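Structure file my_file_22.txt; described as compact mmCIF, C-alpha atoms.
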# COMPACT_ATOMS: atom_id res chain seq x y z
CA MET M 123 61.13 -110.29 66.38
CA SER M 124 62.98 -111.39 63.23
CA GLY M 125 59.65 -112.36 61.61
CA THR M 126 58.24 -108.89 62.29
CA LEU M 127 61.36 -107.28 60.83
CA LEU M 128 61.10 -109.40 57.68
CA ARG M 129 57.44 -108.46 57.27
CA ARG M 130 58.32 -104.79 57.61
CA ARG M 131 61.05 -105.10 54.99
CA SER M 132 58.67 -106.94 52.66
CA GLY M 133 56.09 -104.23 53.13
CA LEU M 134 58.67 -101.57 52.35
CA LEU M 135 59.66 -103.37 49.15
CA ALA M 136 56.01 -103.67 48.17
CA ASN M 137 55.61 -99.90 48.45
CA ILE M 138 58.61 -99.17 46.22
CA SER M 139 58.18 -99.70 42.49
CA GLN M 140 61.03 -100.67 40.21
CA GLU M 141 60.35 -97.53 38.17
CA GLN M 142 61.06 -95.39 41.26
CA ILE M 143 64.27 -97.27 42.01
CA VAL M 144 65.51 -96.91 38.42
CA LEU M 145 64.56 -93.22 38.38
CA VAL M 146 66.71 -92.64 41.45
CA VAL M 147 69.59 -94.44 39.74
CA VAL M 148 69.14 -92.28 36.62
CA VAL M 149 69.28 -89.08 38.68
CA ALA M 150 72.35 -90.33 40.57
CA LEU M 151 74.15 -91.25 37.34
CA PHE M 152 73.20 -87.91 35.82
CA VAL M 153 74.71 -86.06 38.77
CA VAL M 154 77.88 -88.18 38.85
CA PHE M 155 78.48 -87.92 35.11
CA GLY M 156 77.71 -84.21 35.17
CA LEU M 157 80.35 -83.64 37.85
CA THR M 158 83.02 -85.95 36.46
CA LEU M 159 82.70 -86.05 32.67
CA ASN M 160 83.65 -83.05 30.55
CA GLY M 161 80.92 -82.11 28.09
CA PHE M 162 78.22 -84.35 29.55
CA LEU M 163 75.99 -81.44 30.62
CA GLN M 164 76.35 -79.55 27.35
CA LEU M 165 72.97 -78.99 25.70
CA ASN M 166 74.08 -80.54 22.41
CA ASN M 167 75.23 -83.68 24.20
CA LEU M 168 71.97 -84.02 26.15
CA VAL M 169 69.86 -83.54 23.01
CA ASN M 170 71.98 -86.08 21.12
CA LEU M 171 71.66 -88.44 24.11
CA VAL M 172 67.87 -88.41 23.92
CA ARG M 173 67.85 -88.49 20.13
CA SER M 174 70.20 -91.47 19.97
CA VAL M 175 68.03 -93.66 22.20
CA SER M 176 64.67 -92.63 20.75
CA SER M 177 64.54 -95.58 18.35
CA LEU M 178 65.52 -97.92 21.17
CA GLY M 179 62.68 -96.46 23.22
CA ILE M 180 60.22 -97.07 20.36
CA PHE M 181 61.35 -100.69 20.14
CA GLY M 182 60.93 -100.89 23.93
CA VAL M 183 57.33 -99.68 23.64
CA ALA M 184 56.72 -102.36 21.01
CA MET M 185 58.17 -105.08 23.24
CA ALA M 186 56.26 -103.76 26.26
CA VAL M 187 52.90 -104.54 24.65
CA VAL M 188 53.64 -108.26 24.55
CA VAL M 189 55.60 -108.48 27.80
CA VAL M 190 52.73 -106.89 29.73
CA ALA M 191 50.64 -109.74 28.32
CA ARG M 192 53.24 -112.22 29.60
CA GLY M 193 54.69 -112.77 26.16
CA MET M 194 57.98 -112.23 24.37
CA ASP M 195 58.86 -111.23 20.81
CA LEU M 196 62.39 -112.15 19.82
CA SER M 197 61.45 -111.63 16.16
CA LEU M 198 60.81 -107.90 16.68
CA ILE M 199 64.10 -106.71 15.15
CA ALA M 200 63.97 -109.32 12.38
CA SER M 201 60.48 -108.32 11.24
CA MET M 202 61.36 -104.63 11.55
CA GLY M 203 64.58 -105.07 9.60
CA VAL M 204 63.04 -107.06 6.76
CA ALA M 205 59.99 -104.78 6.45
CA THR M 206 62.09 -101.60 6.53
CA ALA M 207 64.62 -102.95 4.02
CA VAL M 208 61.89 -104.04 1.62
CA ALA M 209 60.17 -100.66 1.90
CA ILE M 210 63.46 -98.87 1.22
CA GLN M 211 64.13 -101.06 -1.82
CA LEU M 212 60.72 -100.14 -3.20
CA MET M 213 61.52 -96.47 -2.61
CA ARG M 214 64.54 -96.86 -4.89
CA THR M 215 62.10 -97.61 -7.73
CA GLU M 216 59.18 -95.60 -9.08
CA VAL M 217 56.94 -96.82 -6.25
CA SER M 218 55.58 -93.94 -4.16
CA THR M 219 56.53 -93.56 -0.51
CA PRO M 220 53.00 -94.29 0.82
CA VAL M 221 52.79 -97.52 -1.19
CA ALA M 222 56.25 -98.62 -0.01
CA LEU M 223 55.28 -97.92 3.60
CA ILE M 224 52.02 -99.85 3.18
CA VAL M 225 54.00 -102.85 1.92
CA GLY M 226 56.30 -102.60 4.95
CA ILE M 227 53.35 -102.39 7.32
CA GLY M 228 51.81 -105.39 5.57
CA ILE M 229 54.97 -107.43 6.20
CA VAL M 230 55.06 -106.70 9.94
CA LEU M 231 51.31 -107.32 10.26
CA VAL M 232 51.72 -110.73 8.64
CA MET M 233 54.63 -111.45 10.98
CA GLY M 234 52.57 -110.44 14.00
CA LEU M 235 49.67 -112.55 12.79
CA PHE M 236 51.99 -115.53 12.28
CA ASN M 237 53.54 -115.17 15.73
CA GLY M 238 50.16 -114.75 17.39
CA PHE M 239 48.81 -117.84 15.64
CA LEU M 240 51.78 -119.97 16.67
CA ILE M 241 51.42 -118.86 20.30
CA ALA M 242 47.64 -118.74 20.64
CA PHE M 243 46.49 -121.65 18.49
CA ALA M 244 49.52 -123.91 18.03
CA GLU M 245 50.35 -123.19 21.72
CA ILE M 246 54.08 -122.91 21.11
CA PRO M 247 55.84 -120.95 23.91
CA ALA M 248 56.36 -117.35 22.83
CA LEU M 249 60.13 -117.50 23.35
CA PHE M 250 60.63 -120.34 20.87
CA ALA M 251 57.89 -119.32 18.43
CA THR M 252 59.26 -115.81 17.92
CA LEU M 253 62.88 -116.96 17.85
CA ALA M 254 62.05 -119.43 15.05
CA SER M 255 59.86 -116.98 13.11
CA GLY M 256 62.55 -114.31 13.24
CA LEU M 257 65.13 -116.68 11.78
CA LEU M 258 62.60 -117.84 9.19
CA VAL M 259 61.59 -114.41 7.90
CA TYR M 260 65.16 -113.14 7.72
CA GLY M 261 66.36 -116.27 5.91
CA LEU M 262 63.50 -116.13 3.42
CA ALA M 263 64.02 -112.42 2.80
CA ARG M 264 67.78 -112.80 2.25
CA THR M 265 67.25 -115.55 -0.33
CA THR M 266 64.36 -113.93 -2.18
CA VAL M 267 63.57 -110.21 -1.98
CA LEU M 268 66.56 -108.46 -0.38
CA ASP M 269 69.21 -107.23 -2.85
CA GLY M 270 72.01 -107.09 -0.29
CA LEU M 271 72.93 -106.48 3.31
CA ILE M 272 72.50 -102.72 3.13
CA ALA M 273 69.39 -100.93 1.88
CA GLU M 274 70.28 -97.32 1.09
CA LEU M 275 67.51 -94.77 1.44
CA PRO M 276 67.15 -92.38 -1.53
CA GLY M 277 67.68 -88.78 -0.46
CA ASP M 278 64.48 -87.64 -2.20
CA ARG M 279 62.24 -89.66 0.14
CA HIS M 280 61.88 -86.66 2.38
CA PHE M 281 59.27 -88.10 4.76
CA VAL M 282 61.48 -90.97 5.95
CA VAL M 283 64.58 -88.78 6.02
CA ALA M 284 62.70 -86.26 8.17
CA LEU M 285 61.72 -89.01 10.63
CA GLY M 286 65.38 -89.55 11.40
CA GLN M 287 67.06 -86.22 10.73
CA GLY M 288 64.38 -83.53 10.82
CA THR M 289 63.46 -81.08 13.56
CA LEU M 290 60.15 -79.56 14.61
CA PHE M 291 60.20 -76.37 16.68
CA GLY M 292 63.87 -77.08 17.30
CA ILE M 293 63.20 -80.58 18.66
CA PRO M 294 64.64 -83.57 16.74
CA VAL M 295 61.83 -85.50 15.09
CA PRO M 296 63.01 -88.92 16.47
CA ILE M 297 62.34 -87.59 19.98
CA ILE M 298 58.88 -86.42 18.94
CA VAL M 299 58.10 -89.78 17.33
CA PHE M 300 59.18 -91.57 20.51
CA VAL M 301 57.02 -89.32 22.69
CA VAL M 302 53.97 -89.67 20.42
CA THR M 303 54.41 -93.46 20.22
CA ALA M 304 54.77 -93.73 23.99
CA VAL M 305 51.71 -91.55 24.66
CA LEU M 306 49.51 -93.45 22.19
CA ALA M 307 50.62 -96.82 23.56
CA GLN M 308 50.01 -95.68 27.13
CA VAL M 309 46.54 -94.40 26.25
CA MET M 310 45.75 -97.72 24.59
CA LEU M 311 46.99 -99.78 27.53
CA ALA M 312 45.59 -97.64 30.35
CA ARG M 313 42.48 -96.02 28.90
CA THR M 314 40.86 -98.54 26.57
CA LYS M 315 39.01 -101.80 27.04
CA THR M 316 41.60 -103.57 24.89
CA GLY M 317 44.38 -102.32 27.16
CA ARG M 318 42.59 -103.57 30.26
CA PHE M 319 42.14 -106.93 28.55
CA ILE M 320 45.89 -107.06 27.78
CA TYR M 321 46.71 -106.50 31.47
CA ALA M 322 44.15 -109.13 32.49
CA HIS M 323 45.66 -111.53 29.95
CA GLY M 324 49.13 -111.04 31.39
CA ASP M 325 47.98 -111.27 34.99
CA ASN M 326 46.06 -114.54 34.58
CA ALA M 327 45.19 -115.81 31.12
CA GLY M 328 42.92 -118.54 32.48
CA ALA M 329 40.87 -116.16 34.57
CA ALA M 330 40.74 -113.71 31.65
CA ALA M 331 39.28 -116.42 29.40
CA LEU M 332 36.74 -117.42 32.03
CA SER M 333 35.65 -113.79 32.35
CA GLY M 334 34.73 -113.70 28.67
CA ILE M 335 37.90 -112.22 27.11
CA SER M 336 38.78 -113.78 23.75
CA VAL M 337 42.36 -114.52 24.70
CA ARG M 338 43.48 -116.09 21.42
CA PRO M 339 42.43 -113.20 19.12
CA LEU M 340 43.80 -110.82 21.74
CA THR M 341 47.18 -112.56 21.55
CA ILE M 342 47.24 -112.08 17.78
CA PHE M 343 46.39 -108.39 18.23
CA GLU M 344 49.22 -107.96 20.76
CA TYR M 345 51.86 -109.31 18.40
CA MET M 346 50.52 -107.40 15.41
CA ALA M 347 50.52 -104.17 17.42
CA SER M 348 54.05 -104.84 18.66
CA ALA M 349 55.35 -105.49 15.14
CA THR M 350 53.71 -102.34 13.78
CA ILE M 351 55.28 -100.15 16.47
CA GLY M 352 58.61 -101.81 15.74
CA PHE M 353 58.29 -100.82 12.07
CA VAL M 354 57.94 -97.18 13.14
CA GLY M 355 61.23 -97.53 15.00
CA GLY M 356 62.81 -99.05 11.92
CA LEU M 357 61.81 -96.04 9.82
CA VAL M 358 63.35 -93.71 12.41
CA VAL M 359 66.60 -95.69 12.26
CA ALA M 360 66.61 -95.69 8.45
CA GLY M 361 65.96 -91.95 8.32
CA SER M 362 68.72 -91.26 10.84
CA VAL M 363 71.51 -93.06 9.00
CA GLY M 364 70.21 -92.92 5.43
CA GLY M 365 69.34 -96.59 5.16
CA LEU M 366 69.34 -99.88 7.02
CA ASN M 367 72.04 -102.50 7.45
CA THR M 368 70.10 -105.76 7.80
CA GLN M 369 72.94 -107.19 9.85
CA VAL M 370 71.30 -105.34 12.73
CA ILE M 371 69.02 -108.39 12.86
CA ASP M 372 72.00 -110.48 14.01
CA SER M 373 73.22 -107.82 16.44
CA SER M 374 72.57 -107.46 20.17
CA LEU M 375 69.83 -104.87 19.59
CA ILE M 376 67.05 -107.24 20.63
CA TYR M 377 68.82 -107.74 23.98
CA ASP M 378 69.12 -103.98 24.43
CA VAL M 379 65.36 -103.76 23.87
CA LEU M 380 64.74 -106.41 26.51
CA LEU M 381 67.16 -104.58 28.80
CA VAL M 382 65.13 -101.36 28.50
CA VAL M 383 61.87 -103.16 29.20
CA VAL M 384 63.01 -105.30 32.12
CA VAL M 385 65.18 -102.63 33.74
CA GLY M 386 62.33 -100.13 33.52
CA GLY M 387 60.06 -102.34 35.57
CA ILE M 388 57.80 -104.30 33.23
CA SER M 389 57.64 -107.64 34.96
CA LEU M 390 58.21 -110.83 32.99
CA VAL M 391 55.40 -112.44 34.99
CA GLY M 392 52.98 -110.23 33.07
CA GLY M 393 50.17 -107.88 33.99
CA ARG M 394 52.47 -105.23 35.50
CA GLY M 395 54.32 -102.18 34.31
CA SER M 396 53.48 -99.42 31.85
CA VAL M 397 54.94 -97.37 29.04
CA LEU M 398 56.41 -95.12 31.73
CA SER M 399 58.56 -98.12 32.66
CA VAL M 400 59.97 -98.09 29.13
CA VAL M 401 60.66 -94.35 29.32
CA VAL M 402 62.52 -94.75 32.62
CA GLY M 403 64.46 -97.76 31.32
CA THR M 404 65.37 -95.88 28.15
CA ALA M 405 66.57 -92.92 30.22
CA LEU M 406 68.84 -95.18 32.27
CA ILE M 407 70.34 -96.92 29.25
CA GLY M 408 70.73 -93.62 27.41
CA VAL M 409 72.58 -91.90 30.26
CA MET M 410 74.70 -94.99 30.86
CA LEU M 411 75.65 -95.47 27.18
CA ASN M 412 76.44 -91.78 26.77
CA GLY M 413 78.70 -91.83 29.81
CA MET M 414 80.48 -94.99 28.65
CA THR M 415 80.99 -93.45 25.20
CA ILE M 416 82.60 -90.34 26.70
CA LEU M 417 84.81 -92.66 28.76
CA ASN M 418 85.84 -94.46 25.53
CA MET M 419 84.76 -97.86 26.85
CA ASN M 420 84.86 -100.57 24.19
CA THR M 421 81.90 -102.71 23.13
CA HIS M 422 82.88 -105.68 25.29
CA GLU M 423 83.16 -103.55 28.42
CA GLN M 424 79.77 -102.02 27.68
CA ASP M 425 78.26 -105.48 27.19
CA ILE M 426 79.59 -106.58 30.59
CA ILE M 427 77.98 -103.61 32.31
CA LYS M 428 74.70 -104.07 30.44
CA GLY M 429 74.69 -107.76 31.34
CA LEU M 430 75.22 -106.98 35.03
CA ILE M 431 72.43 -104.40 34.96
CA LEU M 432 70.05 -106.87 33.30
CA LEU M 433 70.86 -109.53 35.90
CA ALA M 434 70.27 -107.00 38.69
CA ALA M 435 66.94 -106.04 37.13
CA LEU M 436 65.86 -109.69 36.91
CA VAL M 437 66.76 -110.25 40.56
CA LEU M 438 64.84 -107.12 41.55
CA ASP M 439 61.86 -108.20 39.45
CA ASN M 440 61.91 -111.58 41.17
CA ARG M 441 61.95 -109.89 44.59
CA LEU M 442 59.16 -107.46 43.78
CA HIS M 443 57.03 -109.96 41.85
CA PRO M 444 57.73 -113.47 43.18
CA ARG M 445 56.83 -116.27 40.79
CA ASP M 446 54.50 -118.96 42.03
CA GLU M 447 53.08 -122.06 40.39
CA GLU M 448 50.64 -119.96 38.40
CA THR M 449 52.99 -117.27 37.14
CA VAL M 450 55.53 -119.69 35.76
CA ARG M 451 52.96 -121.39 33.57
CA GLN M 452 53.49 -119.30 30.45
CA GLY M 453 50.30 -118.85 28.47
CA ASP M 454 47.97 -120.71 30.87
Let me see whether you can do it: turn the structure in this file into structure tokens.
Amino acid sequence: MSGTLLRRRSGLLANISQEQIVLVVVVALFVVFGLTLNGFLQLNNLVNLVRSVSSLGIFGVAMAVVVVARGMDLSLIASMGVATAVAIQLMRTEVSTPVALIVGIGIVLVMGLFNGFLIAFAEIPALFATLASGLLVYGLARTTVLDGLIAELPGDRHFVVALGQGTLFGIPVPIIVFVVTAVLAQVMLARTKTGRFIYAHGDNAGAAALSGISVRPLTIFEYMASATIGFVGGLVVAGSVGGLNTQVIDSSLIYDVLLVVVVGGISLVGGRGSVLSVVVGTALIGVMLNGMTILNMNTHEQDIIKGLILLAALVLDNRLHPRDEETVRQGD
């Protein structure tokens, strides 16, 4: 009798996705905050809520590309920060905006190529490879090309300023950039051969290789794509605040990105989840952070709550996607 009950419960869990669970939590939080917090349901607050987490959502999309492939990119914020700061510094000279942006894109592409090579050919675990490369690129940039901690964006670089502060048909441009980025990434993952290969890579890299997929070049593509999307998020951040403080590289932002991805339902075992998972995770974190801000909770209290939520998401991921001998062998 107990065995039958356990099987029924397991079947019920199998039919419920983490995205659905998180969506229910988002709706519940929205209702509770709407009833208890003054000003939460005001249109300006809701628009600012979405706008404020748009860059985080873009970074989440970037991270999702590699996590779906059973990877990890802890250098995402470092490569974004260095590339964005260098591009902004060039914009403070006579260099045109397109040329400065091309240089920034070149930096993140090289970083993605470097990470992919370390993981695919040197066979260094993604966690350690990207952690080391992030420290390396930031250290090199600070001692060579970066003029200081803060790169201030010139006000006459209207394209970048518009990415962070502009509106289109009354909608803040950061929200539009997030939506466009999410849609393009979802189309790539769900509707193209490359996307199907990325899912196959994350599900079982060995089987993917045996089926004819060039796993090593695919790995390099995944990290280059992730870094490029991250650079888009960096431009949105720079446009929003009029520059970039490179100390963001040493902040907890990378953990917030992982929080969005894991909470949303992209499994760390690879081959599961979608960009919709990132959208749902971003919605949860956005509503939660907005509510905590209205409640005047300090940074440490917010970190405690975010840590508990991340732990709960990891436990849920482990229940929904149990790890076996194959899934724990990263990169096999």
Two-atom distance - CA of Ala322 in chain M, CA of Ile246 in chain M (Å):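 Separation of CA of Ala322 in chain M and CA of Ile246 in chain M: 20.4 Å.
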Distance table requested - range 411-435 of chain M against range 148-162 of chain M, cut-off 9 Å, only C-alpha atoms: one row per qualifying residue with the closest atom pair and its distance in Å to one decimal, ordered by chain and rising residue number, as a Markdown table.
| residue | atom | partner | partner_atom | distance |
| --- | --- | --- | --- | --- |
| M:Asn412 | CA | M:Phe162 | CA | 8.1 |
| M:Gly413 | CA | M:Phe155 | CA | 6.6 |
| M:Ile416 | CA | M:Leu159 | CA | 7.4 |
| M:Leu417 | CA | M:Leu159 | CA | 8.0 |
Residue contacts of Val382 in chain M (9 Å, all atoms listed in the file) excluding same-chain residues fewer than 3 positions away, as a ChimeraX atom specification: /M:178-179,182,377-379,385-387,399-407,432
Using only C-alpha atoms, what does the table of range 294-398 of chain M residues within 8 Å of range 210-229 of chain M look like, with each row giving the shortest atom pair and its distance in Å to one decimal, sorted by chain and ascending number, as JSON lines?
{"residue": "M:Thr350", "atom": "CA", "partner": "M:Ile227", "partner_atom": "CA", "distance": 6.5}
{"residue": "M:Phe353", "atom": "CA", "partner": "M:Ile227", "partner_atom": "CA", "distance": 7.0}
{"residue": "M:Gly365", "atom": "CA", "partner": "M:Ile210", "partner_atom": "CA", "distance": 7.4}
With C-alpha atoms kept, could you save the residues just selected as an mmCIF file, in the coordinates of the input?
data_model
loop_
_atom_site.group_PDB
_atom_site.id
_atom_site.type_symbol
_atom_site.label_atom_id
_atom_site.label_comp_id
_atom_site.auth_asym_id
_atom_site.auth_seq_id
_atom_site.Cartn_x
_atom_site.Cartn_y
_atom_site.Cartn_z
ATOM 1 C CA THR M 350 53.710 -102.340 13.780
ATOM 2 C CA PHE M 353 58.290 -100.820 12.070
ATOM 3 C CA GLY M 365 69.340 -96.590 5.160
#
Distance in Å - CA of Val409 in chain M versus CA of Lys428 in chain M: 12.4 Å
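The closest residue to Ala327 in chain M, picked from M:Val391, M:Leu380, M:Val146, M:Leu240 and counting only C-alpha atoms, is M:Val391.
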Residue among M:Arg338, M:Ile388, M:Thr415, M:Val397 lying closest to Ala242 in chain M, counting all atoms listed in the file: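 Smallest separation from Ala242 in chain M among the options: M:Arg338.
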Distance criterion (all atoms listed in the file): nearest to Thr316 in chain M out of M:Leu430, M:Ile143, M:Val295, M:Val187: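 Once distances to Thr316 in chain M are computed over all atoms listed in the file, the minimum belongs to M:Val187.
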Protein/DNA/RNA residues near (68.7, -92.3, 6.0), cut 12 Å, all atoms listed in the file, as a PyMOL selection string: chain M and resi 206-207+210+213+272-288+356-367
Shortest interatomic distance to Val172 in chain M - which of M:Ile138, M:Ile297, M:Val309, M:Val232, counting all atoms listed in the file: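 Among the listed residues, M:Ile297 lies closest to Val172 in chain M.
For the atom pair formed by CA of Ala184 in chain M and CA of Ala349 in chain M, the distance is 6.8 Å, given to one decimal.
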